[in-house]
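Novice: Quick one, data-v7.cif (mmCIF, C-alpha atoms):
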data_entry
#
loop_
_atom_site.label_atom_id
_atom_site.label_comp_id
_atom_site.auth_asym_id
_atom_site.auth_seq_id
_atom_site.Cartn_x
_atom_site.Cartn_y
_atom_site.Cartn_z
CA MET A 1 0.33 -9.96 -14.76
CA ILE A 2 -2.98 -11.84 -14.69
CA THR A 3 -3.58 -14.94 -16.83
CA LYS A 4 -6.99 -16.62 -17.00
CA PHE A 5 -7.76 -19.90 -18.71
CA GLU A 6 -10.10 -22.89 -18.67
CA VAL A 7 -8.77 -26.40 -18.11
CA ALA A 8 -9.02 -28.39 -21.34
CA ALA A 9 -10.27 -31.97 -21.50
CA ASP A 10 -6.78 -33.35 -22.19
CA GLU A 11 -5.43 -31.53 -19.12
CA ALA A 12 -7.86 -33.15 -16.67
CA GLY A 13 -6.01 -34.97 -13.89
CA LEU A 14 -2.82 -32.95 -14.18
CA ARG A 15 -1.39 -31.33 -11.05
CA LEU A 16 -2.02 -27.63 -10.62
CA ASP A 17 1.72 -26.92 -10.88
CA GLN A 18 1.78 -28.81 -14.18
CA VAL A 19 -1.12 -27.08 -15.90
CA VAL A 20 -0.27 -23.52 -14.81
CA PRO A 21 3.10 -23.30 -16.66
CA LYS A 22 1.39 -24.52 -19.84
CA HIS A 23 -0.70 -21.34 -19.94
CA VAL A 24 1.61 -18.69 -18.47
CA ALA A 25 4.47 -17.75 -20.78
CA GLY A 26 7.91 -17.87 -19.20
CA LEU A 27 6.69 -19.51 -15.99
CA SER A 28 8.67 -22.60 -15.03
CA ARG A 29 7.17 -25.37 -12.92
CA ARG A 30 9.39 -24.32 -9.98
CA LYS A 31 8.20 -20.72 -10.22
CA ALA A 32 4.62 -21.92 -10.65
CA ARG A 33 4.92 -23.74 -7.32
CA ALA A 34 6.19 -20.51 -5.72
CA VAL A 35 3.24 -18.56 -7.11
CA ILE A 36 0.81 -21.21 -5.83
CA ASP A 37 2.45 -21.27 -2.39
CA LEU A 38 2.17 -17.48 -2.14
CA GLY A 39 -1.55 -17.66 -2.89
CA GLY A 40 -1.47 -16.23 -6.40
CA VAL A 41 -3.60 -18.95 -8.04
CA PHE A 42 -7.41 -19.17 -7.93
CA VAL A 43 -9.43 -22.16 -9.10
CA ASP A 44 -13.08 -21.32 -9.76
CA ARG A 45 -12.53 -18.07 -7.80
CA THR A 46 -11.14 -19.85 -4.73
CA ARG A 47 -7.52 -19.34 -3.70
CA VAL A 48 -5.71 -22.70 -3.90
CA LYS A 49 -2.27 -23.23 -2.33
CA VAL A 50 -1.80 -26.98 -2.97
CA ALA A 51 0.55 -27.45 -5.92
CA GLY A 52 -0.33 -31.14 -6.28
CA ARG A 53 -4.08 -30.65 -6.48
CA PRO A 54 -5.49 -32.39 -9.60
CA VAL A 55 -7.50 -30.16 -11.94
CA ARG A 56 -10.74 -30.99 -13.73
CA ALA A 57 -11.84 -30.15 -17.24
CA GLY A 58 -13.80 -26.91 -17.39
CA GLN A 59 -12.34 -25.38 -14.23
CA ARG A 60 -11.48 -21.70 -14.57
CA ILE A 61 -8.03 -20.79 -13.31
CA GLU A 62 -6.60 -17.33 -12.63
CA VAL A 63 -2.86 -16.88 -12.13
CA ASN A 64 -1.49 -13.65 -10.62
CA VAL A 65 2.24 -13.15 -11.13
CA GLY A 66 3.95 -9.97 -9.98
CA GLY A 67 6.27 -8.41 -7.46
CA ALA A 68 5.17 -10.75 -4.68
CA VAL A 69 7.31 -13.53 -6.18
CA GLU A 70 10.45 -11.38 -6.05
CA ARG A 71 9.59 -10.10 -2.56
CA SER A 72 9.14 -13.67 -1.31
CA ASP A 73 12.92 -14.14 -1.40
CA GLN A 74 13.32 -11.28 1.08
CA THR A 75 12.69 -11.31 4.81
CA PRO A 76 9.37 -9.49 5.40
CA GLN A 77 9.87 -6.07 6.95
CA ALA A 78 8.48 -5.71 10.44
CA PRO A 79 6.24 -2.73 11.25
CA GLY A 80 6.70 -0.48 14.24
CA ILE A 81 3.92 -0.89 16.81
CA VAL A 82 2.96 2.61 17.93
CA PHE A 83 -0.03 1.71 20.12
CA VAL A 84 -1.98 -1.41 21.00
CA ASP A 85 -4.85 -2.22 23.36
CA ASP A 86 -7.74 -4.69 23.33
CA HIS A 87 -9.55 -2.74 20.60
CA VAL A 88 -7.06 -1.21 18.14
CA ILE A 89 -3.51 -1.47 16.85
CA VAL A 90 -1.72 1.56 15.41
CA ALA A 91 1.26 0.49 13.29
CA ASP A 92 4.02 2.34 11.46
CA LYS A 93 4.27 0.60 8.06
CA PRO A 94 7.66 0.65 6.35
CA ALA A 95 7.81 1.43 2.64
CA GLY A 96 7.82 -1.73 0.53
CA LEU A 97 5.51 -3.70 2.82
CA VAL A 98 2.07 -4.60 1.46
CA THR A 99 -0.75 -3.59 3.82
CA ALA A 100 -3.03 -6.59 3.25
CA PRO A 101 -3.42 -9.69 1.05
CA THR A 102 -3.52 -9.14 -2.71
CA PRO A 103 -4.46 -11.46 -5.57
CA GLU A 104 -0.72 -12.24 -5.83
CA SER A 105 -0.19 -13.29 -2.23
CA ASP A 106 -1.80 -13.72 1.18
CA ARG A 107 1.46 -14.13 3.08
CA GLY A 108 3.90 -11.75 4.79
CA ASP A 109 1.80 -8.59 4.43
CA LEU A 110 1.23 -6.25 7.39
CA LEU A 111 -2.20 -7.66 8.22
CA ASP A 112 -0.80 -11.18 8.14
CA GLN A 113 2.07 -10.23 10.47
CA LEU A 114 -0.25 -8.55 12.96
CA SER A 115 -2.67 -11.49 12.89
CA ARG A 116 0.14 -13.89 13.72
CA SER A 117 1.13 -11.76 16.72
CA TYR A 118 -2.27 -10.61 18.03
CA GLY A 119 -4.87 -13.07 16.77
CA GLU A 120 -7.84 -11.86 14.75
CA VAL A 121 -7.15 -8.40 13.29
CA PHE A 122 -9.40 -6.42 10.95
CA LEU A 123 -8.24 -4.22 8.08
CA VAL A 124 -9.64 -0.68 8.33
CA HIS A 125 -7.69 1.21 5.63
CA ARG A 126 -4.56 0.86 3.52
CA LEU A 127 -1.36 2.60 2.46
CA ASP A 128 0.22 2.07 -0.95
CA LEU A 129 3.15 -0.37 -1.13
CA PRO A 130 5.81 2.39 -1.51
CA THR A 131 4.27 4.67 1.14
CA SER A 132 5.35 4.53 4.78
CA GLY A 133 3.53 5.63 7.91
CA LEU A 134 0.60 5.23 10.25
CA LEU A 135 -2.28 2.77 9.93
CA VAL A 136 -4.97 1.72 12.40
CA PHE A 137 -6.28 -1.85 12.59
CA ALA A 138 -9.23 -3.11 14.63
CA ARG A 139 -9.04 -6.04 17.05
CA THR A 140 -12.79 -6.56 17.48
CA ARG A 141 -15.73 -6.60 15.10
CA ASP A 142 -17.32 -3.65 16.91
CA ALA A 143 -14.14 -1.58 16.68
CA ASN A 144 -13.87 -2.45 12.99
CA LYS A 145 -17.46 -1.32 12.40
CA GLN A 146 -16.98 1.96 14.24
CA LEU A 147 -13.64 2.80 12.62
CA GLY A 148 -14.96 1.86 9.19
CA ALA A 149 -17.90 4.21 9.68
CA ALA A 150 -15.54 7.00 10.80
CA PHE A 151 -13.47 6.63 7.64
CA ALA A 152 -16.63 6.54 5.51
CA ARG A 153 -17.86 9.87 6.91
CA HIS A 154 -14.32 11.32 6.80
CA ASP A 155 -14.17 11.75 10.59
CA VAL A 156 -10.48 10.82 10.70
CA ASP A 157 -7.51 13.20 10.80
CA ARG A 158 -4.77 12.23 8.36
CA GLU A 159 -1.71 14.26 7.48
CA TYR A 160 1.12 13.20 5.21
CA ARG A 161 4.56 14.57 4.41
CA ALA A 162 5.56 14.61 0.76
CA VAL A 163 8.43 16.03 -1.24
CA ALA A 164 6.98 17.56 -4.39
CA VAL A 165 9.14 18.48 -7.37
CA GLY A 166 9.31 22.25 -7.91
CA ALA A 167 7.92 25.17 -5.90
CA VAL A 168 4.47 24.36 -4.53
CA ALA A 169 2.17 26.99 -3.03
CA ALA A 170 -0.25 26.36 -0.17
CA GLN A 171 -3.63 25.49 -1.66
CA THR A 172 -6.65 23.20 -1.55
CA VAL A 173 -7.14 20.85 -4.49
CA ASP A 174 -10.71 19.75 -5.14
CA ARG A 175 -10.42 17.46 -8.14
CA PRO A 176 -12.34 14.19 -8.65
CA ILE A 177 -10.58 10.86 -8.94
CA GLN A 178 -12.35 8.15 -10.93
CA GLY A 179 -15.56 10.17 -10.77
CA LYS A 180 -15.51 10.62 -6.98
CA ARG A 181 -14.90 13.88 -5.13
CA ALA A 182 -11.36 14.15 -3.80
CA VAL A 183 -10.09 17.03 -1.67
CA THR A 184 -6.54 17.57 -0.39
CA GLN A 185 -5.25 20.56 1.58
CA PHE A 186 -1.58 21.34 0.92
CA SER A 187 0.59 23.58 3.08
CA VAL A 188 4.30 24.34 2.79
CA VAL A 189 6.52 22.86 5.48
CA GLU A 190 9.86 23.84 3.97
CA PRO A 191 11.16 25.06 0.59
CA LEU A 192 13.96 22.83 -0.69
CA ALA A 193 16.43 22.95 -3.56
CA GLY A 194 14.27 22.25 -6.60
CA ALA A 195 11.46 20.84 -4.48
CA THR A 196 9.05 21.55 -1.62
CA LEU A 197 8.39 19.60 1.55
CA VAL A 198 4.62 19.79 1.93
CA ALA A 199 2.03 18.70 4.46
CA ALA A 200 -1.03 17.12 2.86
CA ARG A 201 -4.25 16.76 4.84
CA LEU A 202 -6.91 14.48 3.39
CA GLU A 203 -10.57 15.45 3.47
CA THR A 204 -11.37 12.37 1.39
CA GLY A 205 -9.46 9.15 0.88
CA ARG A 206 -9.19 8.09 -2.76
CA THR A 207 -6.60 5.70 -4.14
CA HIS A 208 -3.30 7.53 -4.80
CA GLN A 209 -5.08 10.82 -3.98
CA ILE A 210 -2.04 12.87 -2.89
CA ARG A 211 0.11 11.51 -5.71
CA LEU A 212 -2.51 12.26 -8.36
CA HIS A 213 -3.33 15.72 -7.04
CA LEU A 214 0.32 16.79 -6.92
CA ALA A 215 0.99 15.31 -10.35
CA GLY A 216 -2.04 17.21 -11.65
CA LEU A 217 -0.50 20.44 -10.36
CA GLY A 218 2.68 19.68 -12.29
CA HIS A 219 4.57 18.98 -9.06
CA PRO A 220 4.68 15.19 -8.68
CA VAL A 221 5.95 13.41 -5.60
CA ALA A 222 9.66 12.71 -5.98
CA GLY A 223 10.29 9.04 -6.63
CA ASP A 224 6.80 8.41 -7.99
CA THR A 225 7.46 6.01 -10.86
CA GLN A 226 3.75 5.51 -11.56
CA HIS A 227 2.35 9.06 -11.70
CA GLY A 228 5.43 11.29 -11.58
CA GLY A 229 6.36 11.35 -15.26
CA GLU A 230 9.59 12.90 -16.50
CA ALA A 231 9.80 15.48 -13.68
CA SER A 232 9.97 12.77 -11.03
CA ARG A 233 12.24 10.44 -13.01
CA THR A 234 14.89 13.08 -13.68
CA PHE A 235 14.86 14.85 -10.31
CA GLU A 236 18.28 14.87 -8.63
CA PRO A 237 19.42 13.82 -6.16
CA ARG A 238 17.23 10.80 -6.81
CA ALA A 239 14.77 9.95 -4.06
CA PRO A 240 15.55 6.67 -2.26
CA ARG A 241 11.89 5.66 -2.78
CA LEU A 242 8.49 7.35 -3.05
CA ALA A 243 8.83 10.50 -0.92
CA LEU A 244 5.48 10.11 0.83
CA HIS A 245 4.89 9.35 4.52
CA ALA A 246 1.69 9.15 6.59
CA ALA A 247 2.91 11.27 9.49
CA MET A 248 -0.23 11.82 11.60
CA LEU A 249 -3.38 9.83 12.31
CA GLY A 250 -6.21 10.88 14.60
CA PHE A 251 -9.55 9.22 15.31
CA THR A 252 -12.15 8.63 18.02
CA HIS A 253 -11.24 5.54 20.02
CA PRO A 254 -14.03 3.01 19.41
CA ALA A 255 -14.17 1.89 23.07
CA THR A 256 -13.38 4.98 25.15
CA GLY A 257 -14.88 7.64 22.88
CA GLU A 258 -11.76 9.78 23.37
CA ARG A 259 -10.11 11.54 20.46
CA VAL A 260 -6.61 10.08 20.03
CA ARG A 261 -3.76 11.28 17.85
CA PHE A 262 -0.53 9.60 16.79
CA GLU A 263 2.50 11.00 14.97
CA ARG A 264 5.57 9.48 13.35
CA GLU A 265 8.64 11.33 12.08
CA LEU A 266 9.97 10.77 8.58
CA PRO A 267 11.91 7.51 8.30
CA VAL A 268 15.69 7.78 8.22
CA GLU A 269 16.10 7.13 4.49
CA LEU A 270 13.81 10.05 3.61
CA ALA A 271 15.04 12.38 6.35
CA SER A 272 18.69 12.00 5.32
CA TRP A 273 17.81 12.53 1.65
CA ILE A 274 15.79 15.67 2.47
CA ALA A 275 18.76 17.00 4.44
CA ARG A 276 20.73 17.00 1.17
CA LEU A 277 18.03 19.17 -0.42
CA ARG A 278 18.06 21.90 2.22
CA VAL A 279 19.14 25.32 1.04
CA PRO A 280 21.97 26.71 3.23
CA ALA A 281 20.95 29.74 5.29
CA SER A 282 22.35 32.97 3.85
#
Let me see the file written as structure tokens.
Specialist:
Amino acid sequence: MITKFEVAADEAGLRLDQVVPKHVAGLSRRKARAVIDLGGVFVDRTRVKVAGRPVRAGQRIEVNVGGAVERSDQTPQAPGIVFVDDHVIVADKPAGLVTAPTPESDRGDLLDQLSRSYGEVFLVHRLDLPTSGLLVFARTRDANKQLGAAFARHDVDREYRAVAVGAVAAQTVDRPIQGKRAVTQFSVVEPLAGATLVAARLETGRTHQIRLHLAGLGHPVAGDTQHGGEASRTFEPRAPRLALHAAMLGFTHPATGERVRFERELPVELASWIARLRVPAS
């Protein structure tokens, strides 16, 4: 939830944690301080994390309240480090961990954790909050530039595993997302009871591309509460979370020029759930 307001003349001089609850319904002063501490408040477009900062009349304030507040009570999940050298870090992101800072928070995300451990780290690409799997980060400005260019020209190999509701046939989906070309190649890994384990290779990288393309086919990703509709909500046995995992990542190493490839198996919670969906051999 985003709330924007302008500080009134009679509010000038109040602390930030006093004025914010006046404009955000249901937000106590204690919770307002938590939102400020997480980095969810911007004053004149600048993130401010000092609850006691006095405000001035006419200042424009934006308050971002969402899941980050609830997640702040939990210990941040640690990623698996798959590979690291002086130029890149390849990490295995667990589901439920934010990749990078959001308007709600700049603390505890994957980029923040890596920066605390390795110093300056650059974000190259992202995975959705509920998606697990492989991400590459750059450790130098040159590596960031080269990897960013590789993603822009689609010179990166990315393959995901997804459990789609229903029987899905191997096919290529070429369907735009928000007016931009989006292409996904689907192949069948294994038929399951009422579902299909598919491999999805990205030719482009649009937001929620695999989820939207499978939903458009009428075979949403199991556990997709945002795009899955009734088919995903009623599928049994219920998925433990979004059944989507970035299983393979390949790119040209920005320093050596060698083509490198990394793979990660499905995490335990998805693998054990998929085992329940397997059809016994006749």
Novice: Quote the spacing between atom CA of A:Ala169 and atom CA of A:Leu214 in Å to one decimal place.
Specialist: 11.1 Å
Novice: Given the point (-9.0, -4.8, 25.7) in the file's coordinates, find the residues that have an atom at most 9 Å from it, counting all atoms listed in the file, and give them as a count of residues only.
Specialist: 6
Novice: For a quick check of your reading of the model, name the residues lying within 12 Å of the coordinate (-15.4, -27.1, -15.8), counting all atoms listed in the file, and write them as a VMD selection string.
Specialist: chain A and resid 5 to 9 11 to 12 43 to 44 55 to 61
Novice: For the provided coordinates, the residues matched by the PyMOL selection byres ((chain A and resi 240) around 12) should be stated as number ranges by chain.
Specialist: A: 95-96, 130-131, 163, 222-225, 233, 235-239, 241-244, 267-274
Novice: Which of these, A:Phe42, A:Asp142, A:Arg153, A:His213, has the shortest distance to A:Thr102 once you count all atoms listed in the file?
Specialist: A:Phe42
Novice: Near A:Ala32, counting all atoms listed in the file, which residues have an atom at most 7 Å away, once you skip same-chain residues fewer than 6 positions from it, shown as a PyMOL selection string?
Specialist: chain A and resi 17+20-21
Novice: Taking into account all atoms listed in the file, which residue in the set A:Gly179, A:Ile89, A:Val173, A:Ala162 is nearest to A:Thr140?
Specialist: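 Among A:Gly179, A:Ile89, A:Val173, A:Ala162, it is A:Ile89 that comes nearest to A:Thr140.
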Novice: Please compute the atom CA of A:Arg201-atom CA of A:Ser232 distance, one decimal, in Å.
Specialist: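 Straight-line distance from atom CA of A:Arg201 to atom CA of A:Ser232 works out to 21.7 Å.
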Novice: Excluding stretch 189-195 of chain A and residues on its chain fewer than 5 positions from it, collect all residues at most 8 Å away from it, counting all atoms listed in the file, and give them as a PDB file with C-alpha atoms, in the coordinates of the input.
Specialist:
ATOM      1  CA  VAL A 163       8.430  16.030  -1.240  1.00  0.00           C
ATOM      2  CA  ALA A 164       6.980  17.560  -4.390  1.00  0.00           C
ATOM      3  CA  VAL A 165       9.140  18.480  -7.370  1.00  0.00           C
ATOM      4  CA  GLY A 166       9.310  22.250  -7.910  1.00  0.00           C
ATOM      5  CA  ALA A 167       7.920  25.170  -5.900  1.00  0.00           C
ATOM      6  CA  VAL A 168       4.470  24.360  -4.530  1.00  0.00           C
ATOM      7  CA  LEU A 277      18.030  19.170  -0.420  1.00  0.00           C
ATOM      8  CA  ARG A 278      18.060  21.900   2.220  1.00  0.00           C
ATOM      9  CA  VAL A 279      19.140  25.320   1.040  1.00  0.00           C
TER      10      VAL A 279
END
Novice: Need to verify the contact set: stretch 111-126 of chain A, 12 Å, only C-alpha atoms, exclusion of same-chain residues closer than 5 positions in sequence. Can you return it as a ChimeraX atom specification?
Specialist: /A:76-81,84-93,97-102,105-106,131-152,156,158,205-208,246,249
Novice: Evaluate the PyMOL selection byres ((chain A and resi 171) around 10) and record the selected residues as number ranges by chain, following the chain and residue labels used in the document.
Specialist: A: 168-170, 172-174, 184-188, 200
Novice: Those residues you just picked out, can you put them in a file as a JSON list (two decimals), in the frame of the given file with C-alpha atoms?
Specialist:
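Okay, result35.json is ready:
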[["chain", "number", "residue", "atom", "x", "y", "z"],
["A", 168, "VAL", "CA", 4.47, 24.36, -4.53],
["A", 169, "ALA", "CA", 2.17, 26.99, -3.03],
["A", 170, "ALA", "CA", -0.25, 26.36, -0.17],
["A", 172, "THR", "CA", -6.65, 23.20, -1.55],
["A", 173, "VAL", "CA", -7.14, 20.85, -4.49],
["A", 174, "ASP", "CA", -10.71, 19.75, -5.14],
["A", 184, "THR", "CA", -6.54, 17.57, -0.39],
["A", 185, "GLN", "CA", -5.25, 20.56, 1.58],
["A", 186, "PHE", "CA", -1.58, 21.34, 0.92],
["A", 187, "SER", "CA", 0.59, 23.58, 3.08],
["A", 188, "VAL", "CA", 4.30, 24.34, 2.79],
["A", 200, "ALA", "CA", -1.03, 17.12, 2.86]]
Novice: Using all atoms listed in the file, can you tell me which of A:Lys180, A:Arg276, A:Arg15, A:Arg107 comes closest to A:Gly40?
Specialist: A:Arg107
Novice: In Å, with one decimal, what is the gap from atom CA of A:Val35 to atom CA of A:Lys22?
Specialist: 14.2 Å
Novice: Out of A:His227, A:Leu212, A:Pro54, A:Gly66, which residue has the shortest atom-to-atom distance to A:Leu38 when counting all atoms listed in the file?
Specialist: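 Under the stated criterion, the closest residue is A:Gly66.
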Novice: Excluding A:Arg53 and any residue of its chain fewer than 3 positions from it, enumerate the residues within 9 Å of it, using only C-alpha atoms, and give them as a PyMOL selection string.
Specialist: chain A and resi 13-17+48-50
Novice: With all atoms listed in the file as the basis for distance, which of A:His245, A:Leu197, A:Ile177, A:Gly108 is at the shortest distance from A:Ala275?
Specialist: A:Leu197
Novice: Taking all atoms listed in the file into account, which of A:Ile36, A:Leu266, A:His253, A:Gln209 comes nearest A:Gln178?
Specialist: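 Using all atoms listed in the file, A:Gln178 sits closest to A:Gln209.
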Novice: Taking all listed atoms of stretch 136-151 of chain A, build the axis-aligned box, pad each of the six sides by 6 Å, then write its centre and edge lengths in Å to one decimal as JSON.
Specialist:
{"center_x": -11.4, "center_y": 0.2, "center_z": 12.6, "size_x": 24.9, "size_y": 25.6, "size_z": 21.8}
